[in-house]
file my_file_7.cif (mmCIF, C-alpha atoms and all ligand atoms)
data_my_file
#
loop_
_atom_site.label_atom_id
_atom_site.label_comp_id
_atom_site.auth_asym_id
_atom_site.auth_seq_id
_atom_site.Cartn_x
_atom_site.Cartn_y
_atom_site.Cartn_z
CA MET L 1 -59.25 26.81 -18.19
CA ASP L 2 -56.86 24.63 -16.25
CA PRO L 3 -53.96 24.09 -18.71
CA ILE L 4 -53.70 20.43 -17.75
CA ALA L 5 -57.38 19.79 -18.39
CA ALA L 6 -57.07 21.42 -21.79
CA LYS L 7 -54.56 18.83 -22.95
CA PRO L 8 -55.48 15.55 -24.56
CA TRP L 9 -53.93 13.75 -21.62
CA ARG L 10 -54.89 14.18 -18.07
CA LEU L 11 -52.86 14.40 -14.92
CA ALA L 12 -54.57 12.10 -12.55
CA GLU L 13 -53.49 11.82 -8.93
CA VAL L 14 -56.04 9.12 -8.77
CA ALA L 15 -56.60 5.50 -8.22
CA TYR L 16 -57.80 2.44 -9.97
CA GLY L 17 -61.42 3.59 -9.98
CA TYR L 18 -60.57 6.54 -12.20
CA VAL L 19 -58.66 4.50 -14.73
CA LYS L 20 -61.40 1.91 -14.80
CA GLU L 21 -64.08 4.50 -15.47
CA HIS L 22 -62.06 6.47 -18.02
CA PRO L 23 -60.19 3.73 -19.84
CA TYR L 24 -59.40 5.81 -22.92
CA GLU L 25 -57.96 8.81 -21.16
CA LEU L 26 -54.39 9.07 -20.11
CA ALA L 27 -53.68 8.94 -16.43
CA VAL L 28 -50.34 9.73 -14.87
CA LEU L 29 -49.62 7.53 -11.93
CA PRO L 30 -46.59 7.20 -9.71
CA LEU L 31 -44.81 3.89 -9.92
CA GLY L 32 -42.27 2.55 -7.52
CA ALA L 33 -39.36 0.31 -8.26
CA THR L 34 -41.84 -2.50 -8.49
CA GLU L 35 -44.19 -3.71 -11.17
CA PRO L 36 -47.12 -1.97 -12.84
CA HIS L 37 -49.32 -4.97 -12.19
CA ASN L 38 -49.51 -3.85 -8.58
CA LEU L 39 -51.55 -0.95 -9.80
CA HIS L 40 -54.59 -3.12 -10.38
CA LEU L 41 -55.21 -1.61 -13.74
CA PRO L 42 -57.81 -3.28 -15.91
CA TYR L 43 -56.33 -6.18 -17.84
CA GLY L 44 -54.82 -5.04 -21.09
CA THR L 45 -54.22 -1.44 -20.03
CA ASP L 46 -51.27 -0.10 -21.95
CA THR L 47 -48.66 1.55 -19.82
CA PHE L 48 -45.74 3.76 -20.60
CA GLU L 49 -42.93 4.43 -18.20
CA ALA L 50 -41.51 7.93 -17.89
CA GLU L 51 -38.71 9.16 -15.73
CA HIS L 52 -40.23 12.50 -14.91
CA LEU L 53 -43.62 14.08 -15.04
CA SER L 54 -43.40 16.41 -17.99
CA ASP L 55 -45.54 17.50 -20.89
CA GLU L 56 -43.08 15.76 -23.21
CA ALA L 57 -43.41 12.44 -21.41
CA CYS L 58 -47.20 12.70 -21.44
CA ARG L 59 -47.30 13.73 -25.08
CA ALA L 60 -44.92 10.94 -26.12
CA ALA L 61 -47.02 8.42 -24.24
CA TRP L 62 -50.24 9.79 -25.72
CA GLU L 63 -48.83 9.59 -29.23
CA ARG L 64 -47.76 6.02 -28.62
CA GLY L 65 -51.31 5.19 -27.63
CA ALA L 66 -50.58 4.62 -23.94
CA ARG L 67 -53.41 4.99 -21.54
CA VAL L 68 -51.35 5.21 -18.39
CA VAL L 69 -47.99 6.80 -17.69
CA LEU L 70 -46.11 5.38 -14.74
CA LEU L 71 -43.61 7.56 -12.98
CA PRO L 72 -40.89 6.32 -10.69
CA ALA L 73 -41.89 8.83 -8.03
CA ILE L 74 -41.72 6.86 -4.85
CA PRO L 75 -41.69 8.87 -1.67
CA TYR L 76 -41.56 6.07 0.85
CA GLY L 77 -40.67 2.90 -0.70
CA THR L 78 -38.28 0.43 -2.10
CA GLU L 79 -38.37 -2.60 -4.26
CA THR L 80 -40.47 -4.55 -1.88
CA ASN L 81 -42.55 -1.75 -0.54
CA GLN L 82 -45.58 -1.62 -2.71
CA MET L 83 -47.36 0.34 -0.01
CA ALA L 84 -45.81 3.36 -1.66
CA PHE L 85 -48.56 3.44 -4.24
CA PRO L 86 -51.32 5.98 -3.88
CA LEU L 87 -53.57 3.46 -5.44
CA ALA L 88 -56.33 1.14 -4.59
CA MET L 89 -55.08 -2.22 -3.46
CA ASN L 90 -57.27 -5.05 -2.43
CA LEU L 91 -56.85 -6.42 1.05
CA ASN L 92 -59.72 -8.75 0.45
CA PRO L 93 -60.14 -9.28 -3.28
CA SER L 94 -63.90 -9.32 -3.21
CA THR L 95 -64.84 -6.42 -1.01
CA LEU L 96 -62.37 -4.20 0.77
CA HIS L 97 -60.42 -1.60 -1.13
CA LEU L 98 -58.10 0.80 0.53
CA VAL L 99 -56.01 3.62 -0.77
CA ILE L 100 -52.70 2.52 0.65
CA ARG L 101 -51.11 5.92 0.28
CA ASP L 102 -53.67 7.20 2.80
CA LEU L 103 -52.69 4.47 5.23
CA VAL L 104 -48.97 5.20 4.89
CA ASP L 105 -49.60 8.96 5.05
CA SER L 106 -51.63 8.62 8.21
CA PHE L 107 -48.88 6.51 9.83
CA GLN L 108 -46.33 9.12 8.83
CA GLU L 109 -48.47 11.97 10.10
CA HIS L 110 -48.92 10.16 13.39
CA VAL L 111 -45.16 9.70 13.74
CA SER L 112 -44.60 13.39 13.03
CA ASP L 113 -46.76 14.27 16.07
CA PHE L 114 -43.92 13.01 18.23
CA ASP L 115 -40.40 14.21 18.56
CA LEU L 116 -38.90 11.25 16.75
CA PRO L 117 -35.92 11.34 14.42
CA VAL L 118 -36.92 9.87 11.03
CA SER L 119 -34.32 8.90 8.46
CA LEU L 120 -35.70 8.02 5.03
CA GLY L 121 -33.57 6.65 2.24
CA ALA L 122 -30.70 5.17 4.24
CA SER L 123 -30.09 1.45 4.03
CA VAL L 124 -29.22 -0.45 7.20
CA ARG L 125 -26.10 -2.57 6.78
CA SER L 126 -25.96 -4.24 10.17
CA VAL L 127 -27.31 -4.20 13.71
CA ARG L 128 -24.81 -4.93 16.49
CA VAL L 129 -24.95 -5.37 20.23
CA GLU L 130 -22.82 -2.63 21.71
CA GLY L 131 -22.65 -1.57 25.35
CA GLU L 132 -26.08 -1.54 26.97
CA GLY L 133 -27.98 -1.62 23.71
CA PHE L 134 -27.75 -1.83 19.94
CA THR L 135 -26.11 0.17 17.19
CA ILE L 136 -27.65 0.35 13.74
CA TYR L 137 -25.12 1.00 10.99
CA THR L 138 -26.34 2.54 7.73
CA ASP L 139 -24.71 2.79 4.30
CA GLU L 140 -24.69 6.57 4.65
CA GLY L 141 -22.31 6.30 7.58
CA LYS L 142 -25.01 7.60 9.91
CA ASN L 143 -25.49 5.31 12.93
CA PHE L 144 -28.31 5.04 15.45
CA ARG L 145 -28.33 3.81 19.04
CA GLY L 146 -31.21 2.14 20.86
CA HIS L 147 -32.00 -0.02 23.88
CA SER L 148 -34.36 -2.00 21.69
CA VAL L 149 -34.73 -2.68 17.96
CA ILE L 150 -37.66 -3.72 15.77
CA ILE L 151 -36.80 -5.46 12.49
CA ALA L 152 -39.46 -4.98 9.79
CA THR L 153 -37.47 -5.24 6.58
CA GLY L 154 -39.92 -7.40 4.61
CA LYS L 155 -39.31 -9.88 1.79
CA ARG L 156 -38.77 -9.75 -1.90
CA HIS L 157 -39.76 -12.17 -4.66
CA ARG L 158 -36.97 -14.21 -6.14
CA PRO L 159 -36.86 -13.34 -9.82
CA LEU L 160 -36.38 -15.95 -12.55
CA GLY L 161 -33.59 -13.81 -13.95
CA VAL L 162 -34.43 -14.48 -17.61
CA PRO L 163 -34.57 -12.05 -20.53
CA GLY L 164 -37.97 -10.38 -20.81
CA GLU L 165 -38.83 -10.68 -17.10
CA LYS L 166 -38.22 -7.02 -16.31
CA GLU L 167 -39.49 -5.80 -19.67
CA PHE L 168 -42.87 -7.52 -19.27
CA ALA L 169 -43.33 -6.90 -15.55
CA GLY L 170 -46.95 -5.83 -15.25
CA LYS L 171 -47.45 -6.64 -18.93
CA GLY L 172 -47.99 -10.32 -18.27
CA VAL L 173 -45.30 -11.03 -15.68
CA ALA L 174 -46.80 -11.24 -12.19
CA TYR L 175 -45.72 -12.35 -8.73
CA CYS L 176 -48.87 -12.27 -6.61
CA ALA L 177 -51.91 -14.43 -7.40
CA THR L 178 -53.95 -13.02 -4.51
CA CYS L 179 -53.60 -9.64 -6.17
CA ASP L 180 -53.68 -10.45 -9.88
CA ALA L 181 -55.32 -13.82 -10.60
CA PRO L 182 -58.75 -12.26 -11.41
CA PHE L 183 -57.20 -10.30 -14.30
CA PHE L 184 -56.36 -13.58 -16.04
CA ALA L 185 -59.85 -15.07 -16.30
CA GLY L 186 -60.13 -16.87 -19.64
CA LYS L 187 -56.41 -16.33 -20.36
CA LYS L 188 -53.49 -18.70 -20.85
CA VAL L 189 -51.07 -18.51 -17.98
CA VAL L 190 -47.78 -20.19 -17.12
CA VAL L 191 -46.83 -20.70 -13.48
CA ALA L 192 -43.08 -21.07 -12.94
CA GLY L 193 -42.27 -23.19 -9.88
CA GLY L 194 -43.29 -26.48 -8.34
CA GLY L 195 -43.71 -25.88 -4.61
CA ASN L 196 -46.66 -24.93 -2.42
CA SER L 197 -46.69 -21.29 -3.59
CA ALA L 198 -46.73 -22.37 -7.23
CA PHE L 199 -49.64 -24.74 -6.65
CA THR L 200 -51.56 -22.20 -4.57
CA THR L 201 -51.08 -19.70 -7.40
CA ALA L 202 -52.15 -22.27 -10.00
CA LEU L 203 -55.29 -23.01 -7.98
CA GLU L 204 -56.20 -19.34 -7.68
CA LEU L 205 -55.73 -18.90 -11.41
CA LEU L 206 -57.75 -22.02 -12.25
CA LYS L 207 -60.55 -20.86 -9.95
CA ALA L 208 -60.46 -17.49 -11.71
CA GLY L 209 -61.01 -19.32 -15.02
CA ALA L 210 -57.50 -19.29 -16.49
CA SER L 211 -55.83 -22.17 -18.35
CA VAL L 212 -52.62 -22.95 -16.51
CA THR L 213 -49.37 -24.61 -17.55
CA MET L 214 -47.03 -25.27 -14.66
CA VAL L 215 -43.33 -25.36 -15.49
CA ASN L 216 -40.87 -26.74 -12.97
CA PHE L 217 -37.09 -27.00 -13.21
CA THR L 218 -36.62 -30.10 -11.05
CA PRO L 219 -38.03 -33.59 -11.66
CA GLY L 220 -41.47 -33.95 -10.06
CA TRP L 221 -43.29 -31.47 -7.83
CA GLN L 222 -42.41 -30.30 -4.34
CA ALA L 223 -45.85 -29.17 -3.15
CA ASP L 224 -47.97 -30.88 -0.48
CA GLY L 225 -50.02 -33.78 -1.83
CA VAL L 226 -53.32 -32.14 -0.96
CA LEU L 227 -52.53 -29.08 -3.09
CA GLN L 228 -51.41 -31.22 -6.01
CA GLN L 229 -54.56 -33.28 -5.72
CA LYS L 230 -56.81 -30.20 -5.68
CA ALA L 231 -55.06 -28.69 -8.69
CA GLY L 232 -55.22 -32.04 -10.51
CA GLN L 233 -59.03 -31.86 -10.46
CA PHE L 234 -58.98 -29.00 -12.97
CA LYS L 235 -58.97 -30.02 -16.65
CA LYS L 236 -57.34 -26.72 -17.57
CA LEU L 237 -54.10 -27.60 -15.75
CA LYS L 238 -51.05 -28.94 -17.56
CA ARG L 239 -47.81 -29.78 -15.75
CA LEU L 240 -44.35 -29.82 -17.32
CA ASP L 241 -41.48 -30.75 -15.05
CA ARG L 242 -37.76 -30.79 -15.93
CA ARG L 243 -38.28 -27.65 -17.96
CA GLN L 244 -36.23 -24.50 -17.69
CA VAL L 245 -37.72 -21.13 -18.57
CA LEU L 246 -35.26 -19.50 -20.95
CA GLU L 247 -36.90 -16.31 -22.12
CA LEU L 248 -40.13 -14.31 -22.13
CA THR L 249 -41.05 -12.74 -25.46
CA GLY L 250 -43.78 -10.61 -26.97
CA LYS L 251 -44.47 -7.21 -28.52
CA GLN L 252 -46.36 -4.83 -26.23
CA ARG L 253 -47.18 -7.60 -23.73
CA LEU L 254 -45.96 -11.09 -22.96
CA GLU L 255 -46.90 -13.55 -25.70
CA LYS L 256 -44.59 -16.54 -25.34
CA VAL L 257 -42.60 -18.36 -22.70
CA ARG L 258 -39.63 -20.17 -24.22
CA VAL L 259 -38.67 -23.31 -22.30
CA LYS L 260 -35.99 -25.97 -22.57
CA ASN L 261 -36.77 -29.63 -21.99
CA LEU L 262 -33.96 -30.73 -19.67
CA VAL L 263 -34.32 -34.38 -20.69
CA ASP L 264 -33.85 -34.10 -24.47
CA GLY L 265 -32.44 -30.55 -24.60
CA LYS L 266 -35.11 -29.37 -27.09
CA THR L 267 -36.58 -25.89 -26.77
CA SER L 268 -40.18 -24.87 -27.40
CA ALA L 269 -42.44 -21.86 -26.90
CA ILE L 270 -45.62 -21.85 -24.81
CA ALA L 271 -48.20 -19.25 -25.86
CA ALA L 272 -49.09 -17.28 -22.72
CA ASP L 273 -50.89 -14.08 -21.74
CA GLY L 274 -49.20 -14.19 -18.38
CA ILE L 275 -46.58 -15.86 -16.26
CA PHE L 276 -46.69 -16.02 -12.47
CA ILE L 277 -43.24 -16.45 -11.00
CA GLU L 278 -43.30 -18.53 -7.83
CA VAL L 279 -39.71 -19.61 -7.36
CA GLY L 280 -39.40 -18.42 -3.79
CA LEU L 281 -39.19 -15.37 -1.59
CA ILE L 282 -36.05 -13.87 -0.15
CA SER L 283 -36.24 -12.44 3.36
CA ASN L 284 -34.44 -9.15 3.87
CA SER L 285 -32.83 -10.55 6.99
CA ASP L 286 -29.16 -10.54 6.02
CA LEU L 287 -28.47 -7.54 8.20
CA VAL L 288 -29.50 -9.44 11.35
CA LYS L 289 -28.33 -12.96 10.48
CA ASP L 290 -25.62 -12.86 13.16
CA LEU L 291 -27.90 -11.22 15.70
CA VAL L 292 -31.05 -13.34 15.86
CA GLN L 293 -32.17 -16.82 14.97
CA LEU L 294 -33.40 -17.32 11.40
CA ASN L 295 -35.24 -20.36 10.05
CA GLN L 296 -34.14 -22.28 6.93
CA GLN L 297 -35.94 -19.79 4.69
CA GLY L 298 -34.03 -16.93 6.28
CA GLU L 299 -37.09 -15.63 8.18
CA VAL L 300 -36.58 -14.12 11.63
CA VAL L 301 -37.99 -16.55 14.19
CA VAL L 302 -40.49 -14.77 16.46
CA ASP L 303 -42.88 -15.83 19.20
CA CYS L 304 -46.48 -14.62 19.48
CA ALA L 305 -45.31 -11.32 21.03
CA CYS L 306 -42.85 -10.62 18.17
CA ARG L 307 -39.84 -11.43 20.40
CA THR L 308 -36.78 -12.79 18.60
CA SER L 309 -34.10 -15.07 20.02
CA ARG L 310 -32.24 -11.99 21.29
CA GLU L 311 -33.54 -9.97 24.23
CA GLY L 312 -34.45 -6.47 23.20
CA VAL L 313 -34.78 -7.30 19.48
CA PHE L 314 -38.30 -7.62 18.08
CA ALA L 315 -39.46 -8.32 14.53
CA ALA L 316 -42.66 -7.90 12.55
CA GLY L 317 -44.19 -8.45 9.14
CA ASP L 318 -43.02 -10.33 6.07
CA VAL L 319 -39.46 -10.79 7.33
CA THR L 320 -40.68 -13.03 10.16
CA THR L 321 -41.91 -16.60 10.48
CA VAL L 322 -45.51 -15.35 10.87
CA PRO L 323 -47.58 -16.85 8.05
CA TYR L 324 -49.72 -14.96 5.52
CA LYS L 325 -47.65 -12.20 4.00
CA GLN L 326 -50.30 -9.51 3.73
CA ILE L 327 -50.50 -5.83 4.62
CA VAL L 328 -53.16 -6.19 7.26
CA VAL L 329 -51.18 -8.96 8.96
CA SER L 330 -47.92 -6.99 8.85
CA ALA L 331 -49.53 -3.83 10.19
CA GLY L 332 -51.01 -5.77 13.12
CA GLU L 333 -47.71 -7.50 13.83
CA GLY L 334 -45.96 -4.11 13.73
CA ALA L 335 -48.29 -2.83 16.43
CA LYS L 336 -47.59 -5.94 18.51
CA ALA L 337 -43.83 -5.53 18.11
CA ALA L 338 -44.06 -1.88 19.19
CA LEU L 339 -46.07 -2.80 22.30
CA SER L 340 -43.59 -5.57 23.16
CA ALA L 341 -40.64 -3.22 22.72
CA HIS L 342 -42.35 -0.66 24.94
CA ALA L 343 -43.02 -3.30 27.63
CA TYR L 344 -39.37 -4.39 27.42
CA LEU L 345 -38.14 -0.82 27.98
CA PHE L 346 -40.75 -0.11 30.67
CA GLU L 347 -39.76 -3.20 32.70
CA ARG L 348 -36.17 -1.94 32.69
CA ASN L 349 -37.07 1.65 33.62
CA LEU L 350 -35.80 2.84 30.26
CA VAL L 351 -38.98 4.79 29.41
C1 LIG L 401 -46.23 -7.73 -5.90
C2 LIG L 401 -46.88 -7.75 -4.55
C3 LIG L 401 -48.24 -7.53 -4.45
C4 LIG L 401 -48.86 -7.57 -3.20
N1 LIG L 401 -50.21 -7.32 -3.12
C5 LIG L 401 -50.82 -7.33 -1.90
C6 LIG L 401 -52.22 -7.01 -1.77
O1 LIG L 401 -52.93 -6.74 -2.75
N2 LIG L 401 -52.74 -7.03 -0.51
C7 LIG L 401 -51.98 -7.32 0.61
O2 LIG L 401 -52.50 -7.30 1.72
N3 LIG L 401 -50.68 -7.61 0.50
C8 LIG L 401 -50.08 -7.63 -0.73
N4 LIG L 401 -48.74 -7.92 -0.83
C9 LIG L 401 -48.00 -8.23 0.40
C10 LIG L 401 -47.65 -6.95 1.17
O3 LIG L 401 -47.05 -5.99 0.31
C11 LIG L 401 -46.72 -7.30 2.32
O4 LIG L 401 -47.28 -8.32 3.11
C12 LIG L 401 -46.46 -6.10 3.23
O5 LIG L 401 -46.04 -4.97 2.48
C13 LIG L 401 -45.38 -6.47 4.25
O6 LIG L 401 -45.11 -5.37 5.04
P1 LIG L 401 -43.72 -5.25 5.77
O7 LIG L 401 -43.74 -3.92 6.45
O8 LIG L 401 -43.41 -6.46 6.57
O9 LIG L 401 -42.62 -5.25 4.59
P2 LIG L 401 -42.46 -4.24 3.36
O10 LIG L 401 -43.73 -3.57 2.97
O11 LIG L 401 -41.74 -5.03 2.31
O12 LIG L 401 -41.51 -3.13 3.95
C14 LIG L 401 -40.19 -3.43 4.31
C15 LIG L 401 -39.45 -2.11 4.38
O13 LIG L 401 -38.14 -2.33 4.91
C16 LIG L 401 -37.23 -1.60 4.16
N5 LIG L 401 -35.92 -2.25 4.19
C17 LIG L 401 -35.56 -3.49 3.78
N6 LIG L 401 -34.26 -3.72 3.98
C18 LIG L 401 -33.78 -2.57 4.53
C19 LIG L 401 -32.49 -2.15 4.96
N7 LIG L 401 -31.42 -2.95 4.89
N8 LIG L 401 -32.36 -0.89 5.46
C20 LIG L 401 -33.44 -0.06 5.56
N9 LIG L 401 -34.67 -0.40 5.18
C21 LIG L 401 -34.84 -1.64 4.66
C22 LIG L 401 -37.80 -1.63 2.76
O14 LIG L 401 -37.29 -0.49 2.08
C23 LIG L 401 -39.28 -1.48 3.02
O15 LIG L 401 -39.66 -0.14 3.09
C24 LIG L 401 -48.10 -7.86 -2.06
C25 LIG L 401 -46.71 -8.06 -2.16
C26 LIG L 401 -46.10 -7.99 -3.40
C27 LIG L 401 -44.59 -8.19 -3.50
#
call {"tool": "encode", "arguments": {"input": "my_file_7.cif", "output": "structure tokens", "more": "lines below"}}
Ligand SMILES: Cc1cc2nc3c(=O)[nH]c(=O)nc-3n(C[C@H](O)[C@H](O)[C@H](O)COP(=O)(O)OP(=O)(O)OC[C@H]3O[C@@H](n4cnc5c(N)ncnc54)[C@H](O)[C@@H]3O)c2cc1C
result
Amino acid sequence: MDPIAAKPWRLAEVAYGYVKEHPYELAVLPLGATEPHNLHLPYGTDTFEAEHLSDEACRAAWERGARVVLLPAIPYGTETNQMAFPLAMNLNPSTLHLVIRDLVDSFQEHVSDFDLPVSLGASVRSVRVEGEGFTIYTDEGKNFRGHSVIIATGKRHRPLGVPGEKEFAGKGVAYCATCDAPFFAGKKVVVAGGGNSAFTTALELLKAGASVTMVNFTPGWQADGVLQQKAGQFKKLKRLDRRQVLELTGKQRLEKVRVKNLVDGKTSAIAADGIFIEVGLISNSDLVKDLVQLNQQGEVVVDCACRTSREGVFAAGDVTTVPYKQIVVSAGEGAKAALSAHAYLFERNLV
């Protein structure tokens, strides 16, 4: 008999569907530097994080009653790159499911058909105009030259930076309503933030059947009137402005959000099954801030052909001004940027 199958746990190179159908078995799933909630596990799934895949880690998790072990094995990705997960991720919450690992693998396989140098793991520090083209400087000291450059460095969520945020990531702490709102049907949820993203998140949660308390640091709310009006139609919405989130507490999962009233200085705890953090996104555009035009949010300004303000530099995906930060949008924009870069080189007899 397969020694793995003989054990009380089970090594599962599998996706959401497996965990859903076998909720009381232990699955071992790779996790990136990002949160377990990306894994689309059924609400309430207990997770256990292990550094390495080993019998000991599995046994320890099993004995602690965990149903899923998450490993930081992340072949492609980074903090923002949740495409590293070999797991089902919804592109359209109601219908379309795609194993993203397959998508990334097929891109990688396609690239390997060509004689292209690939450098994984190095971080780009800056991109400079030098001579007839551009030089890309990496933190490993390895530099690259090109006549054209495509920037596709993505975005990352701004964290609240309070105790408990990291600890309860995926155990109540979430950053993406499109992905996770359905898991909070009938639950009590706090939304931190007061802008358009916070209200859009609150609306998605309310529509999913959650009770929502919005907590905002500043006086009043910064979202468009129409969003505030729509959210205001739900009886299950409560708004608290001039409140600062101090701490997230709980045992296995998030249970309470401790807040400070900035008017009278008193602190209180809000019972919550989840908190969605919507206090902004940070574009990974620092490395090109002196090269191309950025908007006030730090996004690279592009036209409809992914051209930036600098000739020869193109940009695609979440790092750009293109709205709707979704995989399918970014993948399409990436294709457009590649075609534009090719046209740019072709017109100059460089290919
Ligand atoms: C928590 C979460 C859940 C999401 N869920 C969904 C979902 O269910 N469905 C959906 O469609 N979308 C979802 N999204 C959005 C989706 O992940 C993004 O829209 C998409 O990944 C953007 O692709 P991108 O290539 O522009 O950027 P990314 O996927 O962020 O990739 C950027 C890449 O650039 C690299 N990079 C950044 N800086 C540097 C540097 N200095 N040097 C070298 N490399 C660098 C990063 O390592 C990363 O690999 C989610 C996003 C988050 C954060």
call {"tool": "atom_distance", "arguments": {"input": "my_file_7.cif", "atom1": "atom C21 of ligand LIG 401 (chain L)", "atom2": "atom CA of Asp115 of chain L"}}
result
21.8 Å
call {"tool": "closest_residue", "arguments": {"input": "my_file_7.cif", "among": "L:Arg239, L:His342, L:Lys166, L:Arg125", "to": "ligand LIG 401 (chain L)", "atoms": "only C-alpha atoms and all ligand atoms"}}
result
L:Arg125
call {"tool": "atom_distance", "arguments": {"input": "my_file_7.cif", "atom1": "atom CA of Lys187 of chain L", "atom2": "atom CA of Glu247 of chain L"}}
result
19.6 Å
call {"tool": "residues_near_point", "arguments": {"input": "my_file_7.cif", "point": "(-52.3, -22.8, -22.6)", "cutoff": "9 Å", "atoms": "only C-alpha atoms", "output": "list in words"}}
result
Lys187, Lys188, Val189, Val190, Ala210, Ser211, Val212, Thr213, Lys236, Leu237, Lys238, Ile270, Ala271, Ala272 and Asp273 of chain L
call {"tool": "atom_distance", "arguments": {"input": "my_file_7.cif", "atom1": "atom CA of Asp105 of chain L", "atom2": "atom CA of Cys179 of chain L"}}
result
22.1 Å
